[in-house]
Structures are given as C-alpha cells and as structure tokens.
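Asks: TSV, C-alpha atoms, file my_file.tsv:
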chain	number	residue	atom	x	y	z
M	683	MET	CA	107.44	75.00	99.80
M	684	SER	CA	108.73	78.03	97.99
M	685	ALA	CA	107.38	79.56	94.81
M	686	PHE	CA	110.60	78.53	93.15
M	687	GLU	CA	110.10	74.90	93.97
M	688	ALA	CA	106.53	75.26	92.83
M	689	ALA	CA	107.69	76.59	89.50
M	690	ALA	CA	110.18	73.76	89.22
M	691	GLY	CA	107.31	71.33	89.40
M	692	ARG	CA	108.12	69.60	92.67
M	693	GLY	CA	105.42	68.74	95.18
M	694	ASN	CA	101.68	68.52	94.93
M	695	PHE	CA	100.41	71.56	93.09
M	696	ASP	CA	97.31	72.78	91.43
M	697	ARG	CA	97.16	74.50	88.08
M	698	ILE	CA	98.35	77.92	89.24
M	699	GLY	CA	101.23	76.55	91.21
M	700	HIS	CA	99.83	76.56	94.72
M	701	ASP	CA	100.89	73.79	97.00
M	702	ARG	CA	97.37	72.46	97.47
M	703	GLU	CA	98.04	70.61	100.69
M	704	SER	CA	99.67	73.40	102.63
M	705	TRP	CA	97.23	75.87	101.07
M	706	ASP	CA	94.29	73.98	102.53
M	707	ARG	CA	96.03	73.65	105.85
M	708	ARG	CA	96.67	77.38	105.99
M	709	TYR	CA	93.24	78.46	104.80
M	710	PRO	CA	90.75	75.89	106.03
M	711	PRO	CA	87.52	75.81	104.02
M	712	GLN	CA	85.39	77.25	106.83
M	713	GLU	CA	87.48	80.41	106.73
M	714	ALA	CA	87.13	80.83	103.00
M	715	VAL	CA	84.46	83.13	101.58
M	716	GLY	CA	83.24	82.07	98.18
M	717	GLY	CA	86.57	80.54	97.30
M	718	LEU	CA	88.50	83.63	98.31
M	719	LEU	CA	91.07	83.91	101.02
M	720	SER	CA	90.16	84.27	104.66
M	721	LYS	CA	88.48	87.49	105.69
M	722	ARG	CA	91.46	88.41	107.80
M	723	ILE	CA	93.78	88.46	104.79
M	724	ILE	CA	91.29	90.48	102.75
M	725	VAL	CA	90.78	93.02	105.53
M	726	GLY	CA	94.51	93.30	106.20
M	727	TYR	CA	95.32	93.69	102.53
M	728	GLY	CA	92.59	96.26	101.94
M	729	PHE	CA	93.77	98.29	104.90
M	730	TRP	CA	97.34	98.06	103.61
M	731	ILE	CA	96.13	99.59	100.31
M	732	PHE	CA	94.47	102.40	102.29
M	733	LEU	CA	97.68	103.02	104.22
M	734	LEU	CA	99.68	103.21	101.00
M	735	SER	CA	97.23	105.79	99.63
M	736	ASP	CA	97.63	107.71	102.89
M	737	ILE	CA	101.40	107.62	102.39
M	738	ILE	CA	100.91	108.98	98.86
M	739	MET	CA	98.83	111.83	100.29
M	740	PHE	CA	101.63	112.59	102.74
M	741	SER	CA	104.14	112.55	99.89
M	742	ALA	CA	102.19	115.44	98.31
M	743	PHE	CA	102.55	117.39	101.57
M	744	PHE	CA	106.26	116.51	101.61
M	745	ALA	CA	106.68	117.70	98.02
M	746	THR	CA	104.92	120.98	98.91
M	747	TYR	CA	107.15	121.43	101.91
M	748	ALA	CA	110.32	120.67	99.96
M	749	VAL	CA	109.35	123.20	97.27
M	750	LEU	CA	108.48	125.93	99.78
M	751	VAL	CA	111.18	125.34	102.38
M	752	GLY	CA	113.18	128.35	101.20
M	753	ALA	CA	110.18	130.70	100.90
M	754	THR	CA	110.46	132.25	104.33
M	755	ALA	CA	109.39	135.76	103.19
M	756	GLY	CA	111.90	137.34	105.54
M	757	GLY	CA	110.48	135.37	108.47
M	758	PRO	CA	112.21	132.80	110.65
M	759	SER	CA	113.63	129.66	109.04
M	760	GLY	CA	113.68	126.17	110.45
M	761	ARG	CA	117.14	126.72	111.82
M	762	GLU	CA	115.86	129.40	114.21
M	763	LEU	CA	112.61	127.65	115.10
M	764	PHE	CA	113.30	123.96	115.60
M	765	ASN	CA	114.32	122.53	118.94
M	766	LEU	CA	115.96	119.18	118.24
M	767	HIS	CA	115.85	118.26	121.92
M	768	ASN	CA	112.04	118.20	121.83
M	769	VAL	CA	112.05	116.39	118.49
M	770	GLY	CA	114.27	113.70	120.00
M	771	ILE	CA	111.79	113.17	122.84
M	772	GLU	CA	108.88	113.07	120.39
M	773	THR	CA	110.72	110.48	118.28
M	774	ALA	CA	111.45	108.34	121.32
M	775	CYS	CA	107.77	108.49	122.37
M	776	LEU	CA	106.51	107.43	118.97
M	777	LEU	CA	109.09	104.68	118.49
M	778	LEU	CA	108.40	103.19	121.92
M	779	SER	CA	104.66	103.43	121.31
M	780	SER	CA	105.13	101.49	118.08
M	781	PHE	CA	106.87	98.78	120.12
M	782	THR	CA	104.16	98.68	122.79
M	783	CYS	CA	101.53	98.58	120.03
M	784	GLY	CA	103.26	95.44	118.75
M	785	LEU	CA	103.12	93.98	122.26
M	786	ALA	CA	99.40	94.78	122.39
M	787	SER	CA	98.82	92.86	119.16
M	788	ILE	CA	100.64	89.86	120.68
M	789	GLY	CA	98.46	90.20	123.78
M	790	ALA	CA	95.30	90.32	121.65
M	791	ARG	CA	96.38	87.25	119.73
M	792	MET	CA	97.11	85.32	122.92
M	793	ASN	CA	93.83	86.55	124.46
M	794	ARG	CA	95.84	87.80	127.37
M	795	GLY	CA	94.10	90.85	128.79
M	796	SER	CA	96.89	92.05	131.07
M	797	LEU	CA	99.33	92.29	128.16
M	798	PHE	CA	96.76	93.77	125.74
M	799	TYR	CA	95.34	96.44	128.05
M	800	GLY	CA	98.73	97.27	129.58
M	801	ALA	CA	100.44	97.66	126.22
M	802	MET	CA	97.53	99.62	124.75
M	803	ALA	CA	97.53	101.95	127.77
M	804	ALA	CA	101.29	102.46	127.37
M	805	THR	CA	100.79	103.17	123.66
M	806	CYS	CA	98.08	105.68	124.52
M	807	ILE	CA	100.22	107.49	127.11
M	808	LEU	CA	103.24	107.66	124.78
M	809	GLY	CA	101.08	108.88	121.89
M	810	ALA	CA	99.47	111.51	124.11
M	811	ALA	CA	102.92	112.63	125.30
M	812	PHE	CA	103.98	113.00	121.66
M	813	LEU	CA	100.89	115.07	120.88
M	814	PHE	CA	101.36	117.23	123.97
M	815	ILE	CA	104.94	118.12	122.98
M	816	GLU	CA	103.88	118.81	119.41
M	817	VAL	CA	100.97	121.07	120.40
M	818	HIS	CA	103.28	122.82	122.86
M	819	GLU	CA	105.75	123.44	120.03
M	820	PHE	CA	103.01	124.76	117.72
M	821	VAL	CA	101.62	127.09	120.39
M	822	GLY	CA	105.12	128.39	121.10
M	823	MET	CA	105.75	129.07	117.42
M	824	VAL	CA	102.45	130.91	116.97
M	825	ALA	CA	103.15	132.94	120.12
M	826	GLN	CA	106.46	134.19	118.72
M	827	GLY	CA	104.79	135.25	115.49
M	828	ALA	CA	105.76	132.21	113.45
M	829	GLY	CA	102.28	130.88	112.81
M	830	PRO	CA	101.09	129.30	109.57
M	831	THR	CA	100.22	132.73	108.13
M	832	ARG	CA	103.75	134.10	108.45
M	833	SER	CA	105.30	132.58	105.31
M	834	ALA	CA	104.81	129.89	102.70
M	835	PHE	CA	107.47	127.84	104.47
M	836	LEU	CA	105.50	127.93	107.73
M	837	SER	CA	102.21	127.17	105.96
M	838	ALA	CA	103.77	124.05	104.46
M	839	PHE	CA	105.35	123.14	107.80
M	840	PHE	CA	102.10	123.38	109.75
M	841	ALA	CA	100.19	121.53	107.01
M	842	LEU	CA	102.65	118.61	106.93
M	843	VAL	CA	103.41	118.20	110.63
M	844	GLY	CA	99.84	119.14	111.61
M	845	CYS	CA	98.44	116.50	109.27
M	846	HIS	CA	100.60	113.88	110.95
M	847	GLY	CA	99.46	115.21	114.34
M	848	LEU	CA	95.82	114.85	113.27
M	849	HIS	CA	96.52	111.27	112.24
M	850	VAL	CA	98.01	110.58	115.67
M	851	THR	CA	94.94	112.16	117.31
M	852	ALA	CA	92.65	109.95	115.25
M	853	GLY	CA	94.86	106.97	116.13
M	854	LEU	CA	94.49	107.71	119.85
M	855	LEU	CA	90.69	107.85	119.56
M	856	TRP	CA	90.78	104.58	117.62
M	857	LEU	CA	93.06	103.05	120.28
M	858	LEU	CA	90.61	103.91	123.06
M	859	THR	CA	87.75	102.56	120.95
M	860	MET	CA	89.59	99.28	120.47
M	861	MET	CA	90.25	98.94	124.21
M	862	ALA	CA	86.55	99.54	124.87
M	863	GLN	CA	85.45	97.09	122.18
M	864	VAL	CA	87.73	94.32	123.42
M	865	PHE	CA	86.50	95.02	126.95
M	866	ALA	CA	82.84	94.93	125.92
M	867	LYS	CA	82.88	92.19	123.28
M	868	GLY	CA	85.96	90.10	124.00
M	869	TYR	CA	88.50	88.71	121.53
M	870	ARG	CA	86.01	88.03	118.74
M	871	ALA	CA	87.33	87.51	115.23
M	872	ASP	CA	85.89	90.78	113.92
M	873	ILE	CA	87.29	92.73	116.87
M	874	LEU	CA	90.71	91.14	116.37
M	875	ARG	CA	90.65	92.24	112.72
M	876	ARG	CA	90.09	95.81	113.88
M	877	VAL	CA	92.95	95.51	116.35
M	878	LEU	CA	95.11	94.27	113.48
M	879	CYS	CA	94.19	97.28	111.33
M	880	PHE	CA	94.83	99.65	114.22
M	881	GLY	CA	98.32	98.16	114.65
M	882	LEU	CA	99.08	98.62	110.95
M	883	PHE	CA	97.86	102.23	111.15
M	884	TRP	CA	99.96	103.04	114.18
M	885	HIS	CA	103.16	101.52	112.74
M	886	THR	CA	102.60	103.48	109.51
M	887	LEU	CA	102.33	106.75	111.45
M	888	ASP	CA	105.76	105.98	112.88
M	889	ILE	CA	107.17	105.45	109.36
M	890	ILE	CA	105.81	108.84	108.32
M	891	TRP	CA	107.31	110.42	111.42
M	892	VAL	CA	110.73	109.04	110.41
M	893	ALA	CA	110.42	110.98	107.15
M	894	ILE	CA	109.24	114.10	109.01
M	895	PHE	CA	112.01	114.22	111.59
M	896	THR	CA	114.60	113.62	108.88
M	897	VAL	CA	113.36	115.97	106.16
M	898	VAL	CA	111.77	118.71	108.25
M	899	TYR	CA	113.66	118.83	111.53
M	900	LEU	CA	117.16	117.39	111.04
M	901	MET	CA	117.70	118.85	107.57
M	902	GLY	CA	115.92	122.08	108.53
M	903	ALA	CA	118.02	122.62	111.63
M	904	GLY	CA	121.24	121.71	109.87
M	905	GLN	CA	120.86	124.06	106.91
H	1443	MET	CA	110.06	79.18	110.80
H	1444	SER	CA	109.01	78.25	107.35
H	1445	TYR	CA	105.29	78.37	106.86
H	1446	SER	CA	104.87	75.04	105.20
H	1447	GLU	CA	106.45	72.77	107.78
H	1448	GLN	CA	105.21	73.31	111.28
H	1449	GLU	CA	101.82	74.82	110.97
H	1450	GLY	CA	99.63	71.81	111.30
H	1451	ASP	CA	100.22	72.28	115.00
H	1452	SER	CA	97.47	72.91	117.46
H	1453	HIS	CA	98.05	76.64	117.63
H	1454	TYR	CA	96.78	76.94	114.09
H	1455	ALA	CA	93.50	75.34	115.02
H	1456	ASP	CA	92.29	78.28	117.07
H	1457	THR	CA	93.86	81.28	115.38
H	1458	ALA	CA	92.48	82.67	112.18
H	1459	PRO	CA	94.82	81.77	109.39
H	1460	GLY	CA	96.32	84.05	106.89
H	1461	TYR	CA	97.81	87.10	108.31
H	1462	GLU	CA	101.53	86.61	108.10
H	1463	ARG	CA	102.59	88.51	111.17
H	1464	TYR	CA	100.29	86.47	113.36
H	1465	ASP	CA	100.64	83.08	111.90
H	1466	GLU	CA	104.28	82.77	111.11
H	1467	HIS	CA	105.47	83.60	114.57
H	1468	GLN	CA	104.93	82.08	117.91
H	1469	PRO	CA	104.40	84.79	120.55
H	1470	ALA	CA	108.03	84.59	121.66
H	1471	GLU	CA	109.21	84.93	118.06
H	1472	ALA	CA	106.89	87.86	117.42
H	1473	PHE	CA	108.14	89.54	120.59
H	1474	LEU	CA	111.73	89.02	119.49
H	1475	SER	CA	110.91	90.53	116.09
H	1476	TYR	CA	109.46	93.67	117.69
H	1477	LEU	CA	112.43	93.88	120.06
H	1478	VAL	CA	114.98	93.61	117.24
H	1479	GLY	CA	113.01	96.23	115.29
H	1480	LEU	CA	113.01	98.57	118.28
H	1481	GLY	CA	116.76	98.12	118.75
H	1482	LEU	CA	117.64	98.74	115.10
H	1483	ALA	CA	115.27	101.71	114.81
H	1484	THR	CA	116.67	103.26	117.99
H	1485	LEU	CA	120.21	102.83	116.69
H	1486	LEU	CA	119.38	104.43	113.32
H	1487	THR	CA	117.52	107.31	115.01
H	1488	ILE	CA	120.44	108.05	117.32
H	1489	VAL	CA	122.88	107.98	114.40
H	1490	SER	CA	120.58	110.35	112.45
H	1491	PHE	CA	120.39	112.86	115.29
H	1492	PHE	CA	124.13	112.59	115.91
H	1493	ILE	CA	125.07	113.06	112.26
H	1494	SER	CA	122.79	116.06	111.78
H	1495	GLY	CA	124.77	118.11	114.31
H	1496	THR	CA	128.27	116.78	113.80
H	1497	THR	CA	131.21	118.45	112.15
H	1498	LEU	CA	133.10	115.19	111.83
H	1499	VAL	CA	131.91	114.52	108.29
H	1500	TRP	CA	131.99	116.66	105.18
H	1501	GLY	CA	129.06	119.10	105.38
H	1502	PRO	CA	127.30	118.51	102.05
H	1503	SER	CA	127.28	114.77	102.67
H	1504	ILE	CA	125.08	115.14	105.76
H	1505	PRO	CA	121.68	115.41	103.98
H	1506	VAL	CA	122.54	112.39	101.84
H	1507	ALA	CA	123.49	110.41	104.91
H	1508	LEU	CA	120.25	111.47	106.63
H	1509	VAL	CA	118.14	110.33	103.68
H	1510	VAL	CA	119.94	106.98	103.54
H	1511	LEU	CA	119.47	106.47	107.29
H	1512	ALA	CA	115.78	107.40	107.06
H	1513	ILE	CA	115.18	104.93	104.22
H	1514	ALA	CA	117.01	102.25	106.20
H	1515	GLN	CA	114.84	102.96	109.22
H	1516	MET	CA	111.66	102.81	107.16
H	1517	GLY	CA	112.84	99.42	105.92
H	1518	VAL	CA	113.37	98.28	109.51
H	1519	HIS	CA	109.84	99.42	110.40
H	1520	LEU	CA	108.35	97.62	107.39
H	1521	VAL	CA	110.14	94.36	108.08
H	1522	PHE	CA	110.01	94.14	111.87
H	1523	PHE	CA	106.84	96.08	112.76
H	1524	LEU	CA	104.60	95.66	109.71
H	1525	ASN	CA	106.08	92.26	108.81
H	1526	ILE	CA	106.30	92.89	105.11
H	1527	THR	CA	108.65	90.19	103.91
H	1528	THR	CA	109.81	88.82	100.59
H	1529	GLY	CA	108.22	85.45	101.21
H	1530	PRO	CA	106.00	83.85	98.55
H	1531	ASP	CA	102.91	84.51	100.71
H	1532	ASN	CA	103.68	88.21	100.76
H	1533	VAL	CA	103.84	88.97	97.04
H	1534	ASN	CA	100.61	91.00	97.01
H	1535	ASN	CA	101.73	93.20	99.89
H	1536	VAL	CA	105.12	93.82	98.31
H	1537	MET	CA	103.61	94.60	94.90
H	1538	ALA	CA	101.23	97.13	96.46
H	1539	LEU	CA	104.13	98.64	98.37
H	1540	ALA	CA	106.25	98.85	95.23
H	1541	PHE	CA	103.46	100.66	93.40
H	1542	GLY	CA	103.03	103.06	96.32
H	1543	VAL	CA	106.75	103.78	96.37
H	1544	LEU	CA	106.71	104.41	92.61
H	1545	ILE	CA	103.92	106.99	92.94
H	1546	VAL	CA	105.64	108.64	95.91
H	1547	LEU	CA	108.92	108.92	94.01
H	1548	LEU	CA	107.20	110.32	90.90
H	1549	LEU	CA	105.33	112.86	93.01
H	1550	LEU	CA	108.39	114.01	94.95
H	1551	ALA	CA	110.92	114.02	92.13
H	1552	GLY	CA	108.44	115.50	89.64
H	1553	SER	CA	107.40	118.35	91.95
H	1554	LEU	CA	110.96	119.24	92.87
H	1555	TRP	CA	112.16	119.03	89.26
H	1556	ILE	CA	109.36	121.16	87.82
H	1557	MET	CA	109.45	123.78	90.55
H	1558	ALA	CA	113.25	124.07	90.36
H	1559	HIS	CA	112.97	124.72	86.62
H	1560	MET	CA	110.24	127.29	87.10
H	1561	ASN	CA	112.27	129.10	89.75
H	1562	HIS	CA	115.23	129.03	87.43
H	1563	ASN	CA	113.28	130.45	84.49
H	1564	MET	CA	111.49	133.11	86.50
H	1565	MET	CA	112.45	136.71	85.87
H	1566	PRO	CA	114.08	138.40	88.85
H	1567	MET	CA	111.53	140.33	90.87
H	1568	ASP	CA	112.97	143.82	90.30
H	1569	GLN	CA	112.90	143.39	86.53
H	1570	MET	CA	109.29	142.26	86.66
H	1571	MET	CA	108.38	145.36	88.70
H	1572	ARG	CA	110.06	147.58	86.12
H	1573	MET	CA	108.12	145.96	83.28
H	1574	GLN	CA	104.81	146.55	84.98
H	1575	ARG	CA	105.30	150.29	85.14
Could I get this structure in the form of structure tokens?
Replies:
Amino acid sequence: MSAFEAAAGRGNFDRIGHDRESWDRRYPPQEAVGGLLSKRIIVGYGFWIFLLSDIIMFSAFFATYAVLVGATAGGPSGRELFNLHNVGIETACLLLSSFTCGLASIGARMNRGSLFYGAMAATCILGAAFLFIEVHEFVGMVAQGAGPTRSAFLSAFFALVGCHGLHVTAGLLWLLTMMAQVFAKGYRADILRRVLCFGLFWHTLDIIWVAIFTVVYLMGAGQ
Amino acid sequence: MSYSEQEGDSHYADTAPGYERYDEHQPAEAFLSYLVGLGLATLLTIVSFFISGTTLVWGPSIPVALVVLAIAQMGVHLVFFLNITTGPDNVNNVMALAFGVLIVLLLLAGSLWIMAHMNHNMMPMDQMMRMQR
C-alpha cells in the first residue's frame, strides 16, 4: 500500500493515512513503546541523525581544505606528495570492508555465528590494513619534512584525512567490542541494535572516504 | 518485495520489525543488494581513478567528471549499503538526509564563495609591506 494510494482514499486507513492493518502487522503492539514505533526504528533513526551531523562536521573540514589547498607556503603540493597507487589500495580495502560489514549484519540477523564472526574479522583486517597504509603515508610525509606544520595546505590535509583515520580507529575498536558482546551475550535485541548502528557507522565512513579520495587525492594529484 | 504483501510470513514473527534494511529483504535479497552495491561502487571507483590520470578527455572537464562520479558513488552507497530508499516507510530518513545535504552544501559553497571574494579583494602582499613602513 503506497502513500499515494493512501492519499487517494483506498484501503483501510486511520486518520493520518496509515494503512492500519499492515501498520499493526509491521509494528506489533509488544514492540511499541508508549504508542511510538519500535525501539529498533528509533535507535536506527537517532543514529542516522548523529551520522548526518558527523557528515556536516566533515564538510567543515572539507571546506577548510578546499580554501587552503593552494596555500602551500612554498612547500610541496599534493601533486608531489600523493601516491595514487597507495590510495587505490586504501580505497579497495575500505570498499571491501563495507561489503563484508554488510555480510556481518546479515549473519547477525540470521543468528549465524560463522558468517557474523568471519565477516566481522574480515572487516577488521581490511580496516586495519587501511589504517596501516594511511599511517605509513603520514609517517613518510612527516619524514620528508611535509608534516602538518609545514603549510596551511598540509595542516588542512592532516586535519581532514587524520579525522577520518581517527573515525576508522574508533570504528575498529567498536567492531571488536561488538564481536565480544555478541560472543558474551548472544544475539539479544539490544546487542543487535548496536550491531545495526555499527554497520551504519562503517558504511558512512566509506561514503566520507569517497569524498576524500576524490577531492583530496585525485583532484590534488591531477592539478 | 513490497512491504505490505508478504510480511505476515513466519520470518517476521522472530525478527524485530521496523528497520527497513532488515525487514524488507530476505537474506539472499540482502546479500544480492550488497553485491550489486559492491559491483557498482567498484566500477565507479575504477572510472574515477582512470579519469584522473587520463589525457583522453579535455583537461578542465576532469574535476567536474570526478565530482559527478563521486556523487554517483555516494548515491550507490546510500541505496545499496545504507538502504535509504524513496519508499513511503523511509520518508523520515530521506528528509533528514535532505536537510544534512542542504547544510553541507551551504557550508561548502558559502566558505568557498566568501574566501574567494576575500582573496580577490586582498591587497597584494608587497603593497601591504610598503604601507606598513
């Protein structure tokens, strides 16, 4: 039953246009809290709002970077610093980890431990590989005198990419926590909600990385 | 599958209702969705990396193409990984997303616009040095 059909007055609806029958079937009364939607929807929606605010924070870092990208103060520019080969590997790691994270959420939903733990472990390894390459890149840049103190461009670069790296680090800690919680407490409803939020978080990090590799690396190297 | 038809089935009895990405798809369907997303995202990524280094297209068009490809890939991630859809049960998510996108655009465009103007209006450095003497 679509909203359109609801508006057209077909079917069995309540005052605000919900199809009462399918509504009740989807949200059985025992799942409702004080007439609200199920806790899972509320948690997922609230976390989605948090992720959007996180994206807005990143957009401020992006704006800073875009304003300062030319302010190299005589130092090296992105063209001399960026190694697109490494960035390609990083991108592949993060994209694959997003996929395995999706598999883990299927595993959690089916209560199938082999799929959940295997996919989470793969996600963890791919995320750690991403972080390793990134830290390696940062250390190499600092070693050749292109640290965050060299120019405004490099300050903005380290702030933006480093902030994403910190998010990935936090995501990895969260991932391990979720594996431990599922191991210790099983597929309880509250644990599954946390797994759901973790999945949303991890997919969002991948979206931000898409913006980073496009704006920072590909455009920076092609200037 | 449409959410109103087939969900009285037994698999709805033991899963918590509500969250679109879990309830609208059987496991096989969800797996397929992630697989399609992975394929499309990989394709767009490869095209991005290829285009950034190519001389086949007109130079100034490359950044525009990269931005378009990135936005397309973000859309793929939203639809296939985060399962944000245009369905009637997803209106709240889409509205929140639209508001987020509005703020992001204002922030980016506003910053770039203002700072470009300030750079443009700024006195060249050597003149400023002369005035300070």
Asks: For chain M, which residue out of H:Asn1563, H:Ser1503, H:Gln1515, H:Thr1527 is the nearest one, using only C-alpha atoms?
Replies: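 Result for the nearest residue to chain M: H:Gln1515.
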Asks: Give me, please, the distance in Å between CA of Val725 in chain M and CA of Arg876 in chain M, quoted to one decimal.
Replies: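 Separation between CA of Val725 in chain M and CA of Arg876 in chain M: 8.8 Å.
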Asks: List the spatial neighbours of Leu1547 in chain H as a short mmCIF file (atom, residue, chain, number, x, y, z; two decimals) with C-alpha atoms, keeping the file's coordinate frame - criterion: any atom at most 12 Å away, all atoms listed in the file, same-chain residues fewer than 4 positions off excluded.
Replies:
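File part-v4.cif, as written:
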data_model
loop_
_atom_site.label_atom_id
_atom_site.label_comp_id
_atom_site.auth_asym_id
_atom_site.auth_seq_id
_atom_site.Cartn_x
_atom_site.Cartn_y
_atom_site.Cartn_z
CA ILE M 737 101.40 107.62 102.39
CA ILE M 738 100.91 108.98 98.86
CA PHE M 740 101.63 112.59 102.74
CA SER M 741 104.14 112.55 99.89
CA ALA M 742 102.19 115.44 98.31
CA PHE M 744 106.26 116.51 101.61
CA ALA M 745 106.68 117.70 98.02
CA ALA H 1540 106.25 98.85 95.23
CA PHE H 1541 103.46 100.66 93.40
CA GLY H 1542 103.03 103.06 96.32
CA VAL H 1543 106.75 103.78 96.37
CA ALA H 1551 110.92 114.02 92.13
CA GLY H 1552 108.44 115.50 89.64
CA SER H 1553 107.40 118.35 91.95
CA LEU H 1554 110.96 119.24 92.87
CA TRP H 1555 112.16 119.03 89.26
#
Asks: Out of H:Gly1517, H:Pro1530, H:Gly1481, H:Pro1502, which residue has the shortest atom-to-atom distance to chain M when counting all atoms listed in the file?
Replies: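 Of H:Gly1517, H:Pro1530, H:Gly1481, H:Pro1502, the one nearest chain M, counting all atoms listed in the file, is H:Pro1530.
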Asks: Write out as a VMD selection string which residues come within 7 Å of range 886-889 of chain M when counting only C-alpha atoms, dropping same-chain ones fewer than 6 positions away.
Replies: (chain M and resid 776 to 777 780) or (chain H and resid 1516 1519)
Asks: Those residues you just picked out, can you put them in a file as a tab-separated table (two decimals), in the coordinates of the input with C-alpha atoms?
Replies:
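Output file selection_29.tsv follows:
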chain	number	residue	atom	x	y	z
M	776	LEU	CA	106.51	107.43	118.97
M	777	LEU	CA	109.09	104.68	118.49
M	780	SER	CA	105.13	101.49	118.08
H	1516	MET	CA	111.66	102.81	107.16
H	1519	HIS	CA	109.84	99.42	110.40
Asks: Skip Phe1492 in chain H itself and residues of its chain fewer than 3 positions away, then list as a PyMOL selection string all residues within 12 Å of it, counting all atoms listed in the file.
Replies: (chain M and resi 766-767+770+896+900+904) or (chain H and resi 1485-1489+1495-1499+1504+1507-1508+1511)
Asks: Applying 12 Å and all atoms listed in the file, which residues near Asp872 in chain M remain after dropping the ones on its own chain fewer than 2 positions away? List them as a list in words.
Replies: Lys721, Arg722, Val725, Gly726, Met860, Gln863, Val864, Lys867, Gly868, Tyr869, Arg870, Leu874, Arg875, Arg876, Val877, Leu878 and Cys879 of chain M; Ala1458 of chain H
Asks: Would you mind listing what lies within 12 Å of Gly902 in chain M as JSON, numbers by chain, with only C-alpha atoms counted and same-chain residues fewer than 6 positions away left out?
Replies: {"M": [747, 748, 751, 752, 758, 759, 760, 761, 762, 763, 764, 765, 766, 835, 836, 839, 894, 895, 896], "H": [1494, 1495, 1504, 1505, 1508]}
Asks: My list of candidates is H:Arg1572, H:Val1478, H:Val1546, H:Gly1501. Which is closest to chain M when distances are computed with all atoms listed in the file?
Replies: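 Using all atoms listed in the file, chain M sits closest to H:Val1546.
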Asks: Using all atoms listed in the file, which of the listed residues (H:Ile1556, H:Met1564, H:Leu1544, H:Ala1483) sits closest to Ala1512 in chain H?
Replies: H:Ala1483
Asks: Name the closest residue to chain H among the candidates M:Leu813, M:Phe798, M:Ala828, M:Gly881; distances are taken between atoms, counting only C-alpha atoms.
Replies: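 Looking at the shortest contact to chain H, the residue is M:Gly881.
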Asks: Interatomic distance between CA of Ala841 in chain M and CA of Leu1524 in chain H?
Replies: 26.4 Å
Asks: Which residue, M:Ala893, M:Ser787, M:Met823, M:Leu734, has the smallest gap to Val1510 in chain H when you use all atoms listed in the file?
Replies: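 Smallest distance to Val1510 in chain H is found for M:Ala893.
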Asks: Find the distance between CA of Leu785 in chain M and CA of Gly809 in chain M and write it in Å to one decimal.
Replies: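 If I compute the distance from CA of Leu785 in chain M to CA of Gly809 in chain M, I get 15.0 Å.
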Asks: N, CA and C atoms are needed for range 841-857 of chain M; please write them out as a PDB file, in the frame of the given file.
Replies:
ATOM      1  N   ALA M 841     101.045 122.475 107.729  1.00  0.00           N
ATOM      2  CA  ALA M 841     100.190 121.530 107.010  1.00  0.00           C
ATOM      3  C   ALA M 841     100.745 120.113 107.148  1.00  0.00           C
ATOM      4  N   LEU M 842     102.043 119.946 106.913  1.00  0.00           N
ATOM      5  CA  LEU M 842     102.650 118.610 106.930  1.00  0.00           C
ATOM      6  C   LEU M 842     102.658 118.017 108.334  1.00  0.00           C
ATOM      7  N   VAL M 843     103.275 118.749 109.282  1.00  0.00           N
ATOM      8  CA  VAL M 843     103.410 118.200 110.630  1.00  0.00           C
ATOM      9  C   VAL M 843     102.044 118.140 111.315  1.00  0.00           C
ATOM     10  N   GLY M 844     101.181 119.157 111.028  1.00  0.00           N
ATOM     11  CA  GLY M 844      99.840 119.140 111.610  1.00  0.00           C
ATOM     12  C   GLY M 844      99.015 117.977 111.104  1.00  0.00           C
ATOM     13  N   CYS M 845      99.181 117.633 109.831  1.00  0.00           N
ATOM     14  CA  CYS M 845      98.440 116.500 109.270  1.00  0.00           C
ATOM     15  C   CYS M 845      98.851 115.203 109.965  1.00  0.00           C
ATOM     16  N   HIS M 846     100.143 115.058 110.211  1.00  0.00           N
ATOM     17  CA  HIS M 846     100.600 113.880 110.950  1.00  0.00           C
ATOM     18  C   HIS M 846     100.026 113.900 112.367  1.00  0.00           C
ATOM     19  N   GLY M 847     100.018 115.102 112.985  1.00  0.00           N
ATOM     20  CA  GLY M 847      99.460 115.210 114.340  1.00  0.00           C
ATOM     21  C   GLY M 847      97.991 114.834 114.369  1.00  0.00           C
ATOM     22  N   LEU M 848      97.238 115.233 113.339  1.00  0.00           N
ATOM     23  CA  LEU M 848      95.820 114.850 113.270  1.00  0.00           C
ATOM     24  C   LEU M 848      95.665 113.342 113.150  1.00  0.00           C
ATOM     25  N   HIS M 849      96.556 112.729 112.359  1.00  0.00           N
ATOM     26  CA  HIS M 849      96.520 111.270 112.240  1.00  0.00           C
ATOM     27  C   HIS M 849      96.758 110.618 113.601  1.00  0.00           C
ATOM     28  N   VAL M 850      97.730 111.161 114.357  1.00  0.00           N
ATOM     29  CA  VAL M 850      98.010 110.580 115.670  1.00  0.00           C
ATOM     30  C   VAL M 850      96.798 110.758 116.581  1.00  0.00           C
ATOM     31  N   THR M 851      96.146 111.933 116.506  1.00  0.00           N
ATOM     32  CA  THR M 851      94.940 112.160 117.310  1.00  0.00           C
ATOM     33  C   THR M 851      93.866 111.133 116.969  1.00  0.00           C
ATOM     34  N   ALA M 852      93.635 110.943 115.668  1.00  0.00           N
ATOM     35  CA  ALA M 852      92.650 109.950 115.250  1.00  0.00           C
ATOM     36  C   ALA M 852      93.058 108.556 115.731  1.00  0.00           C
ATOM     37  N   GLY M 853      94.370 108.267 115.657  1.00  0.00           N
ATOM     38  CA  GLY M 853      94.860 106.970 116.130  1.00  0.00           C
ATOM     39  C   GLY M 853      94.591 106.768 117.607  1.00  0.00           C
ATOM     40  N   LEU M 854      94.750 107.836 118.410  1.00  0.00           N
ATOM     41  CA  LEU M 854      94.490 107.710 119.850  1.00  0.00           C
ATOM     42  C   LEU M 854      93.022 107.418 120.104  1.00  0.00           C
ATOM     43  N   LEU M 855      92.130 108.118 119.386  1.00  0.00           N
ATOM     44  CA  LEU M 855      90.690 107.850 119.560  1.00  0.00           C
ATOM     45  C   LEU M 855      90.379 106.403 119.173  1.00  0.00           C
ATOM     46  N   TRP M 856      90.989 105.954 118.070  1.00  0.00           N
ATOM     47  CA  TRP M 856      90.780 104.580 117.620  1.00  0.00           C
ATOM     48  C   TRP M 856      91.298 103.597 118.678  1.00  0.00           C
ATOM     49  N   LEU M 857      92.462 103.915 119.258  1.00  0.00           N
ATOM     50  CA  LEU M 857      93.060 103.050 120.280  1.00  0.00           C
ATOM     51  C   LEU M 857      92.099 102.867 121.447  1.00  0.00           C
TER      52      LEU M 857
END
